[in-house]
Amino acid sequence: MAHQHSHDHAIRDDRWLGLAIGINVLLTVAQVAGGIFSGSLSLIADALHNFSDAGALLIAWVARRIGRRPADARRTFGYRRAEIIAALINLVTLVLVGLYLLAEAVQRFFAPQVIEGWTVVLVAAVALVVDVFTALLTWKMSASSINIRAAFLHNVSDALASAGVILAGSLILLFRWYWTDTLVTLLIAGYVLHQAAGLLPQTIRILMQSTPDDIPVSGVIAAMEEVEGVVGVHHVHIWQLDEQNNALEAHVAVRDFHRAEQIKTALKKRLAQRFNITHSTLELESEPCDSRDHDDRT
């Protein structure tokens, strides 16, 4: 029953993502047309960002479906890292969009153009409503998935960008300050790059099988050596299978090999309770190995 509920919940979330994708595609078309008509770089910049939103949501949607596939002979850990790969693609896309906007804004400083302020304000206002709605669709899912969080950041940054475009258009209408369009573009680019820089390291750490930041290797070894019957622990490797699942493999020297299964059960329980390590592979040895042969405790 619980499995069925989870499956139904996943299908519902997929439908929400599909709706968000369709809305962002339509918005992109409207913004490009408005930007060309008005001559607004910031509006076209916002359209590009919206297009990246649609692409980000599509990638996240596909990755979610792949990630739910069961393990098989070729992917014995399953397909859960598909979502991490999707997050990396979306974050790299954010960086590329941000760099492109920076380059365009610098060029516009030296070659300013007349901008139709009302078009900018009206189209950006519609974009703001759509961006906020799309962000709300993905907000709950983003709490437990770096994949959805990367797509969510596309939408949040785009909502702020739309608000900035409205401000620029208003200043152009009131004071003829055309330079504000370029300034807003620079701010959009800076925010996009800032958001990408915040999530990229976490994503790369998972793909590089780094030890999670909240799990101290020395603390894990100490906790394992506290288990009765354990003489020593070495060759310890800790990594993340995905955001929710940590894994460990280690060699464990035990005093009484006849109690091997009992000790292994106690170790697995301690690892799960203290460090949320849900997948552990332990090789038990009857005697401690020569420390000279096993210098790498991690």
# chains A, B, ... in the order shown; residues from 1 in each chain; ligands from 1

$ select_by_dssp --residues "stretch 74-171 of chain A" --states "alpha helix (DSSP H)" --output "PyMOL selection string"
chain A and resi 82-110+117-142+146-171

$ residues_around --residues "A:Asn276" --least-positions-apart "2" --cutoff "12 Å" --atoms "only C-alpha atoms" --output "ChimeraX atom specification"
/A:212,214-215,220,238-240,243-248,268-274,278-280

$ closest_atom_pairs --of "stretch 89-174 of chain A" --to "stretch 53-76 of chain A" --cutoff "8 Å" --atoms "only C-alpha atoms" --output "JSON lines"
{"residue": "A:Asn90", "atom": "CA", "partner": "A:Ala56", "partner_atom": "CA", "distance": 5.5}
{"residue": "A:Asn147", "atom": "CA", "partner": "A:Ala60", "partner_atom": "CA", "distance": 6.0}
{"residue": "A:Ile148", "atom": "CA", "partner": "A:Ala60", "partner_atom": "CA", "distance": 6.1}
{"residue": "A:Ala150", "atom": "CA", "partner": "A:Ala56", "partner_atom": "CA", "distance": 7.8}
{"residue": "A:Ala151", "atom": "CA", "partner": "A:Ala56", "partner_atom": "CA", "distance": 5.2}
{"residue": "A:His154", "atom": "CA", "partner": "A:Asp53", "partner_atom": "CA", "distance": 5.4}
{"residue": "A:Asn155", "atom": "CA", "partner": "A:Asp53", "partner_atom": "CA", "distance": 6.1}

$ write_last_selection --atoms "C-alpha atoms" --output "mmCIF file, in the first residue's frame"
data_model
loop_
_atom_site.group_PDB
_atom_site.id
_atom_site.type_symbol
_atom_site.label_atom_id
_atom_site.label_comp_id
_atom_site.auth_asym_id
_atom_site.auth_seq_id
_atom_site.Cartn_x
_atom_site.Cartn_y
_atom_site.Cartn_z
ATOM 1 C CA ASN A 90 20.982 22.182 -15.448
ATOM 2 C CA ASN A 147 17.595 17.517 -9.391
ATOM 3 C CA ILE A 148 14.338 19.414 -8.813
ATOM 4 C CA ALA A 150 18.361 22.902 -9.719
ATOM 5 C CA ALA A 151 15.253 23.312 -11.892
ATOM 6 C CA HIS A 154 15.983 28.348 -12.655
ATOM 7 C CA ASN A 155 12.427 29.443 -11.891
#

$ closest_residue --among "A:Ala82, A:Val230, A:Ile204, A:Ala20" --to "A:Asp131" --atoms "only C-alpha atoms"
A:Ala20

$ atom_distance --atom1 "atom CA of A:Leu128" --atom2 "atom CA of A:Gln31"
11.3 Å

$ closest_residue --among "A:Leu207, A:Val106, A:Leu94, A:Ile84" --to "A:Ile146" --atoms "only C-alpha atoms"
A:Ile84

$ residues_around --residues "A:Thr138" --least-positions-apart "4" --cutoff "7 Å" --atoms "only C-alpha atoms" --output "PyMOL selection string"
chain A and resi 134+142+148+152

$ atom_distance --atom1 "atom CA of A:Gly164" --atom2 "atom CA of A:Leu186"
10.5 Å

$ residues_around --residues "A:Ala266" --least-positions-apart "6" --cutoff "10 Å" --atoms "only C-alpha atoms" --output "PDB file with N, CA and C atoms, in the first residue's frame"
ATOM      1  N   MET A 224      32.838   2.654  15.069  1.00  0.00           N
ATOM      2  CA  MET A 224      32.891   1.233  14.730  1.00  0.00           C
ATOM      3  C   MET A 224      33.792   0.477  15.689  1.00  0.00           C
ATOM      4  N   VAL A 227      32.348  -0.853  19.038  1.00  0.00           N
ATOM      5  CA  VAL A 227      31.499  -2.044  19.073  1.00  0.00           C
ATOM      6  C   VAL A 227      32.278  -3.202  19.697  1.00  0.00           C
ATOM      7  N   GLU A 228      31.636  -3.877  20.610  1.00  0.00           N
ATOM      8  CA  GLU A 228      32.297  -4.978  21.322  1.00  0.00           C
ATOM      9  C   GLU A 228      32.745  -6.063  20.349  1.00  0.00           C
ATOM     10  N   ALA A 260      31.208 -13.309  14.293  1.00  0.00           N
ATOM     11  CA  ALA A 260      31.297 -12.406  13.141  1.00  0.00           C
ATOM     12  C   ALA A 260      29.941 -11.822  12.747  1.00  0.00           C
TER      13      ALA A 260
END

$ closest_residue --among "A:Met208, A:Val92, A:Val123, A:Leu174" --to "A:Gln195" --atoms "only C-alpha atoms"
A:Val92

$ closest_residue --among "A:Ala223, A:Tyr191, A:Leu284, A:Leu200" --to "A:Ile89" --atoms "only C-alpha atoms"
A:Leu200

$ closest_residue --among "A:Arg255, A:Ala124, A:Asp13, A:Glu283" --to "A:Val32" --atoms "only C-alpha atoms"
A:Ala124

$ atom_distance --atom1 "atom CA of A:Gln107" --atom2 "atom CA of A:Phe37"
19.7 Å

$ residues_around --residues "A:Leu99" --least-positions-apart "4" --cutoff "10 Å" --atoms "only C-alpha atoms" --output "PyMOL selection string"
chain A and resi 93-95+103-105+186+189-190+192-193

$ residues_around --residues "A:Val231" --least-positions-apart "5" --cutoff "7 Å" --atoms "only C-alpha atoms" --output "PyMOL selection string"
chain A and resi 225+253-255+288
